[in-house]
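Student: Handing over structure17.cif, mmCIF, C-alpha atoms.
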data_final
loop_
_atom_site.label_atom_id
_atom_site.label_comp_id
_atom_site.auth_asym_id
_atom_site.auth_seq_id
_atom_site.Cartn_x
_atom_site.Cartn_y
_atom_site.Cartn_z
CA MET A 1 57.34 -28.84 19.20
CA ASN A 2 58.94 -28.96 15.73
CA LYS A 3 55.97 -29.73 13.54
CA LYS A 4 53.37 -27.01 13.04
CA ARG A 5 50.14 -28.26 14.58
CA ASP A 6 46.99 -28.03 12.53
CA LYS A 7 43.81 -26.57 13.97
CA LEU A 8 42.17 -29.88 14.86
CA GLU A 9 45.33 -31.01 16.64
CA VAL A 10 45.56 -27.79 18.66
CA ILE A 11 41.93 -28.19 19.73
CA PHE A 12 42.62 -31.81 20.67
CA ASP A 13 45.66 -30.77 22.74
CA ILE A 14 43.68 -28.11 24.63
CA LEU A 15 40.84 -30.51 25.37
CA ARG A 16 43.25 -33.24 26.43
CA ILE A 17 44.99 -30.88 28.88
CA ILE A 18 41.61 -30.10 30.48
CA SER A 19 40.74 -33.79 30.65
CA LEU A 20 44.12 -34.72 32.18
CA ASN A 21 43.53 -32.10 34.88
CA HIS A 22 40.47 -33.92 36.17
CA ASN A 23 38.29 -31.87 33.86
CA SER A 24 38.89 -28.65 35.74
CA ILE A 25 41.62 -26.11 35.04
CA LYS A 26 42.03 -22.35 35.29
CA PRO A 27 42.56 -20.35 32.05
CA THR A 28 46.17 -19.26 32.78
CA PRO A 29 47.67 -22.74 33.36
CA LEU A 30 45.68 -23.99 30.39
CA GLN A 31 47.23 -21.37 28.14
CA ARG A 32 50.71 -22.17 29.48
CA SER A 33 50.30 -25.90 28.89
CA SER A 34 48.85 -25.45 25.43
CA ASN A 35 52.01 -23.77 24.07
CA LEU A 36 50.07 -20.99 22.37
CA SER A 37 50.54 -17.24 22.33
CA SER A 38 47.94 -15.29 24.31
CA THR A 39 46.25 -14.01 21.11
CA SER A 40 46.15 -17.43 19.56
CA PHE A 41 44.93 -19.02 22.80
CA SER A 42 42.20 -16.42 23.10
CA ASP A 43 40.98 -17.19 19.53
CA TYR A 44 40.90 -20.92 20.23
CA TYR A 45 39.29 -20.39 23.62
CA ASN A 46 36.45 -18.35 22.16
CA GLU A 47 36.01 -20.87 19.35
CA LEU A 48 35.80 -23.78 21.79
CA ILE A 49 33.20 -21.92 23.87
CA THR A 50 31.19 -21.08 20.71
CA LYS A 51 31.39 -24.68 19.49
CA LYS A 52 30.27 -25.80 22.98
CA LEU A 53 33.29 -28.05 23.42
CA ILE A 54 34.20 -26.40 26.75
CA LYS A 55 32.35 -24.35 29.33
CA GLU A 56 33.30 -21.95 32.09
CA ILE A 57 32.39 -22.62 35.70
CA ILE A 58 32.63 -19.99 38.43
CA ASP A 59 33.04 -21.40 41.95
CA ASP A 60 31.89 -19.93 45.29
CA LYS A 61 35.07 -17.85 45.60
CA ASN A 62 34.46 -16.34 42.17
CA ARG A 63 37.30 -18.30 40.53
CA LYS A 64 36.92 -19.31 36.90
CA TYR A 65 37.46 -22.91 35.85
CA ILE A 66 37.22 -24.53 32.45
CA THR A 67 35.64 -27.92 31.97
CA LEU A 68 34.81 -30.13 29.02
CA THR A 69 31.24 -30.51 27.84
CA ASP A 70 29.85 -33.85 26.64
CA LYS A 71 30.68 -32.67 23.12
CA GLY A 72 34.23 -31.96 24.25
CA PHE A 73 34.61 -35.50 25.60
CA LYS A 74 33.17 -36.83 22.36
CA TYR A 75 35.75 -34.83 20.39
CA LEU A 76 38.57 -36.36 22.44
CA GLU A 77 37.14 -39.82 21.90
CA LYS A 78 36.69 -39.37 18.14
CA TYR A 79 39.74 -37.27 17.30
CA LYS A 80 41.96 -40.11 16.06
CA VAL A 81 39.13 -41.55 13.96
CA ILE A 82 38.31 -38.18 12.38
CA SER A 83 41.96 -37.39 11.85
CA GLY A 84 42.41 -40.75 10.07
CA PHE A 85 39.40 -40.05 7.90
CA ILE A 86 40.75 -36.61 6.93
CA ASP A 87 44.12 -38.14 5.99
CA GLU A 88 42.49 -40.98 4.06
CA PHE A 89 40.51 -38.58 1.84
CA GLU A 90 43.16 -35.86 1.79
CA LEU A 91 40.63 -33.35 3.12
CA MET B 1 26.39 -49.66 -33.01
CA ALA B 2 25.86 -50.78 -29.41
CA ILE B 3 24.02 -54.04 -28.97
CA PRO B 4 20.96 -53.73 -26.71
CA ILE B 5 20.80 -56.48 -24.12
CA PHE B 6 17.59 -55.59 -22.27
CA SER B 7 14.02 -55.02 -23.30
CA GLU B 8 12.54 -51.53 -22.74
CA GLN B 9 10.68 -52.68 -19.62
CA LEU B 10 13.74 -54.37 -18.15
CA ASN B 11 15.75 -51.30 -19.04
CA PHE B 12 13.41 -49.26 -16.86
CA VAL B 13 13.86 -51.71 -13.97
CA VAL B 14 17.65 -51.51 -14.38
CA GLU B 15 17.52 -47.68 -14.32
CA THR B 16 15.38 -47.74 -11.17
CA ALA B 17 17.59 -50.23 -9.35
CA PHE B 18 20.73 -48.33 -10.36
CA THR B 19 19.31 -45.02 -9.11
CA ILE B 20 18.15 -46.48 -5.80
CA LEU B 21 21.61 -47.94 -5.11
CA ALA B 22 23.52 -44.82 -6.21
CA VAL B 23 21.30 -42.52 -4.12
CA ILE B 24 21.41 -44.80 -1.06
CA PHE B 25 25.22 -44.97 -1.03
CA CYS B 26 25.63 -41.22 -1.62
CA PHE B 27 23.26 -40.44 1.23
CA LEU B 28 24.91 -43.05 3.47
CA ILE B 29 28.27 -41.30 2.96
CA TYR B 30 26.58 -38.01 3.88
CA ILE B 31 24.94 -39.44 7.00
CA LYS B 32 28.04 -41.35 8.11
CA THR B 33 30.15 -38.17 8.18
CA LYS B 34 27.54 -36.06 10.03
CA GLU B 35 28.97 -36.52 13.53
CA SER B 36 32.56 -35.85 12.42
CA TYR B 37 31.49 -32.58 10.86
CA GLU B 38 29.31 -31.50 13.76
CA LEU B 39 32.15 -32.08 16.20
CA THR B 40 34.87 -30.32 14.23
CA LYS B 41 33.12 -27.97 11.74
CA TYR B 42 36.05 -28.86 9.48
CA GLU B 43 35.67 -27.29 6.01
CA GLY B 44 37.18 -30.27 4.18
CA ILE B 45 34.59 -32.64 5.71
CA LYS B 46 31.82 -30.15 4.86
CA TYR B 47 32.78 -30.03 1.16
CA PHE B 48 33.22 -33.82 1.06
CA ARG B 49 29.83 -34.70 2.58
CA ASP B 50 27.95 -31.96 0.70
CA ALA B 51 29.47 -33.25 -2.55
CA PHE B 52 27.87 -36.66 -1.92
CA LEU B 53 24.58 -35.13 -0.83
CA PHE B 54 24.45 -33.25 -4.14
CA PHE B 55 25.59 -36.34 -6.08
CA GLY B 56 22.72 -38.27 -4.50
CA LEU B 57 20.27 -35.55 -5.51
CA SER B 58 21.80 -35.43 -9.00
CA TYR B 59 21.31 -39.16 -9.51
CA LEU B 60 17.75 -38.84 -8.24
CA LEU B 61 17.07 -35.97 -10.66
CA ARG B 62 18.80 -37.90 -13.45
CA PHE B 63 16.29 -40.69 -12.89
CA ILE B 64 13.33 -38.27 -12.93
CA PHE B 65 14.83 -36.73 -16.08
CA SER B 66 15.11 -40.18 -17.67
CA LEU B 67 11.38 -40.69 -17.00
CA ILE B 68 10.71 -37.92 -19.52
CA PHE B 69 12.35 -40.14 -22.14
CA LEU B 70 11.01 -43.40 -20.75
CA SER B 71 7.54 -42.18 -19.74
CA ARG B 72 5.84 -44.19 -22.46
CA ILE B 73 7.33 -47.36 -21.03
CA ALA B 74 6.94 -46.43 -17.38
CA PHE B 75 3.49 -44.87 -17.35
CA ASP B 76 2.04 -45.63 -20.75
CA PHE B 77 1.87 -41.95 -21.67
CA ILE B 78 4.34 -39.40 -23.03
CA LEU B 79 5.44 -36.43 -20.90
CA PRO B 80 5.73 -33.21 -22.96
CA ARG B 81 9.50 -32.81 -23.37
CA LYS B 82 9.39 -29.08 -24.19
CA ILE B 83 8.02 -28.34 -20.73
CA PHE B 84 9.73 -30.97 -18.64
CA ILE B 85 13.30 -30.86 -20.03
CA PRO B 86 14.04 -27.23 -18.99
CA LEU B 87 12.19 -27.84 -15.71
CA PHE B 88 14.43 -30.74 -14.69
CA ILE B 89 17.64 -29.65 -16.37
CA LEU B 90 17.70 -26.66 -14.01
CA PRO B 91 18.19 -28.55 -10.71
CA LEU B 92 20.05 -31.39 -12.44
CA GLY B 93 22.63 -29.02 -13.92
CA TYR B 94 23.05 -27.05 -10.73
CA PHE B 95 23.34 -29.95 -8.27
CA SER B 96 25.61 -32.07 -10.45
CA THR B 97 27.98 -29.19 -11.23
CA ILE B 98 28.18 -28.16 -7.59
CA SER B 99 28.81 -31.77 -6.51
CA ILE B 100 31.75 -32.06 -8.92
CA LEU B 101 33.16 -28.75 -7.68
CA TYR B 102 32.64 -29.54 -3.98
CA LEU B 103 34.56 -32.80 -4.30
CA VAL B 104 37.46 -30.89 -5.84
CA PHE B 105 37.11 -28.16 -3.18
CA SER B 106 37.43 -30.81 -0.45
CA LEU B 107 40.99 -31.36 -1.71
CA ILE B 108 42.08 -27.79 -2.33
CA TRP B 109 40.18 -25.68 0.24
CA LYS B 110 43.28 -25.08 2.35
CA LYS B 111 45.10 -23.49 -0.59
CA VAL B 112 42.37 -21.15 -1.84
CA ASN B 113 40.31 -18.49 -0.09
CA ASN B 114 37.01 -20.12 0.89
CA LYS B 115 34.86 -17.15 -0.12
CA ILE B 116 36.37 -17.22 -3.61
CA LEU B 117 35.74 -20.97 -3.81
CA LEU B 118 32.09 -20.62 -2.79
CA ILE B 119 31.25 -17.58 -4.91
CA GLY B 120 33.19 -18.93 -7.91
CA GLY B 121 31.75 -22.44 -7.55
CA HIS B 122 28.12 -21.36 -7.33
CA SER B 123 28.57 -18.82 -10.15
CA ILE B 124 30.01 -21.50 -12.43
CA ALA B 125 27.17 -23.89 -11.50
CA ILE B 126 24.52 -21.24 -12.22
CA LEU B 127 26.18 -20.27 -15.52
CA LEU B 128 26.43 -23.88 -16.74
CA THR B 129 22.84 -24.53 -15.73
CA LEU B 130 21.51 -21.44 -17.48
CA ILE B 131 23.31 -22.31 -20.72
CA SER B 132 21.88 -25.85 -20.57
CA VAL B 133 18.37 -24.54 -19.84
CA ILE B 134 18.52 -22.00 -22.67
CA THR B 135 19.72 -24.64 -25.14
CA ARG B 136 17.21 -27.13 -23.62
CA SER B 137 19.78 -29.86 -23.94
CA HIS B 138 21.35 -32.18 -21.43
CA LEU B 139 24.03 -32.78 -24.07
CA MET B 140 25.16 -29.17 -23.63
CA LEU B 141 25.43 -29.88 -19.90
CA ILE B 142 27.64 -32.89 -20.70
CA TYR B 143 29.97 -30.82 -22.92
CA LEU B 144 30.25 -28.05 -20.34
CA GLN B 145 30.76 -30.40 -17.42
CA SER B 146 33.39 -32.35 -19.38
CA PHE B 147 35.28 -29.11 -19.92
CA LEU B 148 34.84 -28.12 -16.28
CA LEU B 149 36.01 -31.54 -15.18
CA THR B 150 39.20 -31.37 -17.22
CA VAL B 151 39.98 -27.90 -15.87
CA THR B 152 39.27 -28.77 -12.22
CA ILE B 153 41.24 -32.03 -12.33
CA VAL B 154 44.30 -30.28 -13.80
CA TRP B 155 43.82 -27.40 -11.33
CA SER B 156 43.60 -29.71 -8.31
CA PHE B 157 46.72 -31.59 -9.40
CA LEU B 158 48.58 -28.32 -9.79
CA ILE B 159 47.69 -26.80 -6.42
CA HIS B 160 47.03 -29.86 -4.23
CA SER B 161 49.46 -32.64 -4.95
CA LYS B 162 50.75 -34.19 -8.15
CA LYS B 163 50.57 -37.66 -6.62
CA LEU B 164 47.81 -39.85 -8.05
CA SER B 165 46.44 -41.41 -4.87
CA GLN B 166 43.64 -44.01 -4.58
CA THR B 167 41.28 -41.25 -3.41
CA LYS B 168 41.97 -39.16 -6.51
CA ILE B 169 41.48 -42.17 -8.79
CA LEU B 170 38.11 -42.80 -7.11
CA TYR B 171 37.11 -39.13 -7.52
CA ILE B 172 38.08 -39.13 -11.20
CA LEU B 173 36.01 -42.30 -11.64
CA VAL B 174 33.02 -40.65 -9.89
CA PHE B 175 33.29 -37.68 -12.28
CA VAL B 176 33.80 -39.66 -15.48
CA LEU B 177 31.07 -42.18 -14.61
CA TRP B 178 28.67 -39.34 -13.85
CA LEU B 179 29.25 -38.00 -17.37
CA ILE B 180 28.81 -41.46 -18.91
CA ASN B 181 25.58 -41.91 -16.94
CA LEU B 182 24.42 -38.54 -18.24
CA ILE B 183 25.30 -39.50 -21.83
CA ILE B 184 23.30 -42.73 -21.65
CA LEU B 185 20.34 -40.93 -20.07
CA GLY B 186 17.09 -41.85 -21.75
CA ASN B 187 18.46 -44.68 -23.88
CA ARG B 188 15.67 -47.14 -24.43
CA HIS B 189 18.04 -50.06 -24.71
CA HIS B 190 21.17 -50.26 -22.63
CA SER B 191 24.25 -51.80 -24.21
CA LEU B 192 26.66 -54.01 -22.30
CA PHE B 193 29.01 -51.04 -21.96
CA GLU B 194 26.26 -48.92 -20.40
CA ILE B 195 25.33 -51.64 -17.93
CA LEU B 196 29.02 -52.01 -17.08
CA ALA B 197 29.26 -48.24 -16.47
CA MET B 198 26.32 -48.45 -14.06
CA ILE B 199 27.84 -51.42 -12.21
CA ILE B 200 31.23 -49.67 -11.92
CA SER B 201 29.46 -46.50 -10.67
CA ILE B 202 27.82 -48.46 -7.86
CA ALA B 203 31.11 -50.24 -7.11
CA VAL B 204 32.90 -46.88 -6.81
CA PHE B 205 30.25 -45.52 -4.41
CA ILE B 206 30.44 -48.72 -2.35
CA LYS B 207 34.25 -48.45 -2.27
CA ILE B 208 34.08 -44.83 -1.04
CA TYR B 209 31.41 -45.72 1.52
CA SER B 210 33.45 -48.67 2.79
CA LYS B 211 36.55 -46.43 3.08
CA VAL B 212 34.48 -43.93 5.10
CA SER B 213 32.97 -46.70 7.25
CA LYS B 214 36.36 -48.27 7.91
CA ARG B 215 37.59 -44.96 9.34
CA ILE B 216 34.40 -43.76 11.02
CA LYS B 217 32.88 -46.74 12.78
#
Let me see whether you can do it: turn the structure in this file into structure tokens.
Tutor:
Amino acid sequence: MNKKRDKLEVIFDILRIISLNHNSIKPTPLQRSSNLSSTSFSDYYNELITKKLIKEIIDDKNRKYITLTDKGFKYLEKYKVISGFIDEFEL
Amino acid sequence: MAIPIFSEQLNFVVETAFTILAVIFCFLIYIKTKESYELTKYEGIKYFRDAFLFFGLSYLLRFIFSLIFLSRIAFDFILPRKIFIPLFILPLGYFSTISILYLVFSLIWKKVNNKILLIGGHSIAILLTLISVITRSHLMLIYLQSFLLTVTIVWSFLIHSKKLSQTKILYILVFVLWLINLIILGNRHHSLFEILAMIISIAVFIKIYSKVSKRIK
């Protein structure tokens, strides 16, 4: 990717990857698909958990999956609108 | 000399209607952007919506402040100015200064350390307010805010972008019209120019609200 992604765009990309994977993906493939370094991914991951945009689910075999919360789906739905608003007011 | 076009009573009605509209549109901008901020916690949106929350409060306080001057007309008694002016100039000075600064911060927050912005902004607002309270004059507040306005506008052009966009024109209008509305505060008779300033103020708030609404449906 040539253009440096801003924070909102990176968050959108991570959430979209989860959504495109039937709302269930393991952390390692998510990091690979998000094109982020492990440190950077870890920062975003913790932020998304704190902001309650994603949540972790542990299955019967003790495997960790990441899914979107309702707020995460809302973010995906509203991203373009919010992004347009930010551009409009140069925020 | 400005020609008065309204009687004192009608002047009071005009002031009330103007305040209600200004406050409603400022608060509507604040409410409309709530969800976008809660989803993203984006600093630029925070400064933007807080600026309009504080503008709304400033216009509300401006109206209460004007009652000190218009109390004889509104309530048929005179409020003691020596007590009430410092009492209301305190929140008026603080909220209006912080609203001006927050709107500028919404443009430049990516270029300046946020802690510096917040500490500096609130310190400036407190300083301006204290000077106005000590001098017991809203005119002092106007002089200081005019100076602050000039500095922040030049500053934002220097570090944000030199392009004069529609958003920046609207922001400059919000600032300048605030100062005009502060200058005409307490006038018993509004001139045509003053009425025009009030109408343009409302039009600017409506324009900003409609721009927000168009984006955030």
Student: Exactly which residues make up the result of the PyMOL selection byres ((chain B) within 7 of (chain A)) on this file, given as a ChimeraX atom specification?
Tutor: /B:36,39,44-45,106-107,167,212,215-216
Student: Would you compute the distance between atom CA of B:Glu43 and atom CA of A:Asp87? Give it in Å to one decimal.
Tutor: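 Rounded to one decimal, the two atoms are 13.8 Å apart.
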Student: Return as a PDB file with C-alpha atoms, in the frame of the given file the set of residues that the PyMOL selection byres ((chain A and resi 10) around 12) yields on the displayed structure.
Tutor:
ATOM      1  CA  MET A   1      57.340 -28.840  19.200  1.00  0.00           C
ATOM      2  CA  LYS A   3      55.970 -29.730  13.540  1.00  0.00           C
ATOM      3  CA  LYS A   4      53.370 -27.010  13.040  1.00  0.00           C
ATOM      4  CA  ARG A   5      50.140 -28.260  14.580  1.00  0.00           C
ATOM      5  CA  ASP A   6      46.990 -28.030  12.530  1.00  0.00           C
ATOM      6  CA  LYS A   7      43.810 -26.570  13.970  1.00  0.00           C
ATOM      7  CA  LEU A   8      42.170 -29.880  14.860  1.00  0.00           C
ATOM      8  CA  GLU A   9      45.330 -31.010  16.640  1.00  0.00           C
ATOM      9  CA  ILE A  11      41.930 -28.190  19.730  1.00  0.00           C
ATOM     10  CA  PHE A  12      42.620 -31.810  20.670  1.00  0.00           C
ATOM     11  CA  ASP A  13      45.660 -30.770  22.740  1.00  0.00           C
ATOM     12  CA  ILE A  14      43.680 -28.110  24.630  1.00  0.00           C
ATOM     13  CA  LEU A  15      40.840 -30.510  25.370  1.00  0.00           C
ATOM     14  CA  ARG A  16      43.250 -33.240  26.430  1.00  0.00           C
ATOM     15  CA  ILE A  17      44.990 -30.880  28.880  1.00  0.00           C
ATOM     16  CA  GLN A  31      47.230 -21.370  28.140  1.00  0.00           C
ATOM     17  CA  SER A  33      50.300 -25.900  28.890  1.00  0.00           C
ATOM     18  CA  SER A  34      48.850 -25.450  25.430  1.00  0.00           C
ATOM     19  CA  ASN A  35      52.010 -23.770  24.070  1.00  0.00           C
ATOM     20  CA  LEU A  36      50.070 -20.990  22.370  1.00  0.00           C
ATOM     21  CA  SER A  40      46.150 -17.430  19.560  1.00  0.00           C
ATOM     22  CA  PHE A  41      44.930 -19.020  22.800  1.00  0.00           C
ATOM     23  CA  ASP A  43      40.980 -17.190  19.530  1.00  0.00           C
ATOM     24  CA  TYR A  44      40.900 -20.920  20.230  1.00  0.00           C
ATOM     25  CA  TYR A  45      39.290 -20.390  23.620  1.00  0.00           C
ATOM     26  CA  GLU A  47      36.010 -20.870  19.350  1.00  0.00           C
ATOM     27  CA  LEU A  48      35.800 -23.780  21.790  1.00  0.00           C
ATOM     28  CA  LEU A  76      38.570 -36.360  22.440  1.00  0.00           C
ATOM     29  CA  TYR A  79      39.740 -37.270  17.300  1.00  0.00           C
TER      30      TYR A  79
ATOM     31  CA  THR B  40      34.870 -30.320  14.230  1.00  0.00           C
TER      32      THR B  40
END
Student: Counting all atoms listed in the file, what is within 12 Å of B:Ser132, bar same-chain residues fewer than 4 positions away, as an MDAnalysis selection string?
Tutor: chainID B and resid 85:94 97 125:128 136:145
Student: Convert the output of the PyMOL selection byres ((chain B and resi 155) around 12) on the shown file into explicit residues, formatted as a PyMOL selection string.
Tutor: chain B and resi 101+104-105+107-108+111-112+148-154+156-162
Student: Mind writing the picked residues with C-alpha atoms as a CSV table (one decimal), in the coordinates of the input?
Tutor:
chain,number,residue,atom,x,y,z
B,101,LEU,CA,33.2,-28.8,-7.7
B,104,VAL,CA,37.5,-30.9,-5.8
B,105,PHE,CA,37.1,-28.2,-3.2
B,107,LEU,CA,41.0,-31.4,-1.7
B,108,ILE,CA,42.1,-27.8,-2.3
B,111,LYS,CA,45.1,-23.5,-0.6
B,112,VAL,CA,42.4,-21.2,-1.8
B,148,LEU,CA,34.8,-28.1,-16.3
B,149,LEU,CA,36.0,-31.5,-15.2
B,150,THR,CA,39.2,-31.4,-17.2
B,151,VAL,CA,40.0,-27.9,-15.9
B,152,THR,CA,39.3,-28.8,-12.2
B,153,ILE,CA,41.2,-32.0,-12.3
B,154,VAL,CA,44.3,-30.3,-13.8
B,156,SER,CA,43.6,-29.7,-8.3
B,157,PHE,CA,46.7,-31.6,-9.4
B,158,LEU,CA,48.6,-28.3,-9.8
B,159,ILE,CA,47.7,-26.8,-6.4
B,160,HIS,CA,47.0,-29.9,-4.2
B,161,SER,CA,49.5,-32.6,-5.0
B,162,LYS,CA,50.8,-34.2,-8.2
Student: Can you work out which one of A:Thr28, A:Thr67, A:Ser38, A:Ser19 has the shortest atom-to-atom distance to A:Lys55, counting all atoms listed in the file?
Tutor: A:Thr67
Student: Mind listing whatever residues come within 6 Å of the point (29.2, -43.4, -16.8)? Use all atoms listed in the file, file coordinates, and give them as a PyMOL selection string.
Tutor: chain B and resi 177-181+197
Student: Take atom CA of B:Ile98 and atom CA of B:Ala51 and report the distance between them in Å, one decimal.
Tutor: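 Atom-to-atom, atom CA of B:Ile98 and atom CA of B:Ala51 are spaced 7.3 Å apart.
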Student: Quote the spacing between atom CA of B:Phe27 and atom CA of A:Thr50 in Å to one decimal place.
Tutor: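 Pair atom CA of B:Phe27 / atom CA of A:Thr50 returns 28.6 Å.
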Student: Adding 6 Å on each side of the box along x, y and z that holds all listed atoms of stretch 164-172 of chain B, could you give its centre and edge lengths in Å to one decimal, as AutoDock Vina command-line options?
Tutor:
--center_x 42.5 --center_y -41.6 --center_z -7.3 --size_x 22.7 --size_y 16.9 --size_z 19.8
Student: Select all residues near (37.7, -44.2, -4.1) (cut-off 12 Å, inclusive, file coordinates), counting only C-alpha atoms, and output them as a PyMOL selection string.
Tutor: (chain A and resi 88-90) or (chain B and resi 103+164-175+200-212)
